[in-house]
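S.K.: Encoded as structure tokens, here's the structure I'll be asking about.
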Amino acid sequence: MTLLIKTDIDRGNAWAEALAANFPELKTVNWPFDGDPAEIDYALVWQPPKGELKRYPNLKAIFSVGAGIDHLASDPDLPRGIPVVRMVEPGLTAGMSEYVVLAVLNHHRFMLDYAAQRRAKLWEEIPQVPAEARQVGVLGLGVLGRDALEKLKPFGFRLAGWSRTPKSITGVTCFHGSGGLEEFLAETDILVCLLPLTAETTGILNAGTFAKLPAGAAVINVGRGGQLVERDLLAALDSGQIGGATLDVFQKEPLPEDHPFWEHPRVFMTPHVASMTVPQTAVRAIVANIQRLEAGESLQHVVDLKRGY
């Protein structure tokens with residue numbers, strides 16, 4: 001068995017070392033691979049060149065290094081009939097929930113306002129709002145969305161979630177479909193986007209969405225940059241309809257140096273680091289799935305490319 005690794009070189013070496021330690025029977029090779037393409041049985045990838053994976057005629061499965069698979073679904077030459085597996089592992093989920101909780105609390109406790117006061121050398125108290133008076137709404141109720149909501153429960157927020165299809169989560173008011181989106185947004189004071197990027201979710205964070213939120217609501221985007229209409233957010237921030245934003249993903253990455261987000265006082269940014277796959281822990285999910293397939297069992301966390309997740 002041979003697995004092709006396509007990530008940046010440093011992380012590729014880390015993956016190779018982790019796989020060797022956990023599954024010595026598996027041979028690994030780093031991309032670019034100059035050997036016989038027929039040798040490759042599996043591919044572990046992040047943003048491979050378009051058409052690259054069709055070179056390998058004996059592929060049994062394609063593993064995404066991250067939770068998102070839009071970098072694969074957007075490849076018109078992705079070999080059909082080969083299962084694509086998204087990354088689901090405890091470390092990745094925990095990292096995302098940590099980030100979401102941190103971002104929610106930053107907005108809840110007015111940290112953007114206090115940062116502005118520090119710059120202006122002002123010493124002023126802002127009246128605190130009880131957590132129970134705020135609704136945190138999560139767009140996307142998959143593994144990441146559910147875990148984030150679970151981690152938010154101890155703080156006492158009113159919790160809501162929205163998904164494409166009906167879901168039921170204890171302690172969370174759930175909405176679904178286009179008919180439920182407006183009602184979900186109307187009471188959401190802090191909006192968290194954890195949706196996969198699909199044709200339906202592209203541009204979902206737009207002027208229409210912002211207008212349906214309560215005035216002064218906060219927006220946290222840890223989904224994909226393609227879900228945010230950046231000019232609409234800037235307009236909503238400048239008008240006060242949106243009180244602040246935490247952004248980890250962007251239309252273009254790295255963010256251009258002349259982008260207005262860099263200097264906007266109501267935006268907190270990070271460089272796509274909300275949650276990062278750590279090979280030393282995530283390797284267990286890869287190994288378990290390969291062993292399942294080699295034993296004739298079905299793979300876990302296979303995505304539907306037509307749906308995009």
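Quick note on naming: the chains in the structure tokens go A, B, ... in the order shown, residues restart at 1 in each chain, and ligands are numbered from 1 in order of appearance.
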Apply DSSP to the structure's backbone, then extract all residues of segment 189-226 of chain A labelled strand (DSSP E or B) and return them as a ChimeraX atom specification.
M.R.: /A:190-193,205,217-221
S.K.: List as a list in words the protein and nucleic acid residues near Asp248 of chain A, meaning an atom at most 10 Å away when only C-alpha atoms are counted, but skip any in the same chain fewer than 3 places from it.
M.R.: Tyr99, Ile220, Asn221, Val222, Gly223, Arg224, Gly225, Ala245, Phe268, Met269, Thr270, Pro271, His272, Val273, Ala274 and Ser275 of chain A
S.K.: Mind giving me the straight-line distance from atom CA of Asp41 of chain A to atom CA of Ala18 of chain A in Å, one decimal?
M.R.: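 These atoms are spaced 18.2 Å apart.
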S.K.: Just checking: using only C-alpha atoms, which residue out of A:Leu305, A:Val143, A:Ile169, A:Ala295 ends up closest to Ser97 of chain A?
M.R.: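 Selected residue with least distance to Ser97 of chain A: A:Val143.
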S.K.: What does the distance from atom CA of Met111 of chain A to atom CA of Pro214 of chain A come to in Å, to one decimal?
M.R.: 19.3 Å
S.K.: Considering only C-alpha atoms, return as a PyMOL selection string whatever protein or nucleic-acid residues lie within 10 Å of Gln300 of chain A, sequence-local ones (same chain, fewer than 2 positions apart) excluded.
M.R.: chain A and resi 85-88+285-286+288-290+292-293+297-298+302-303
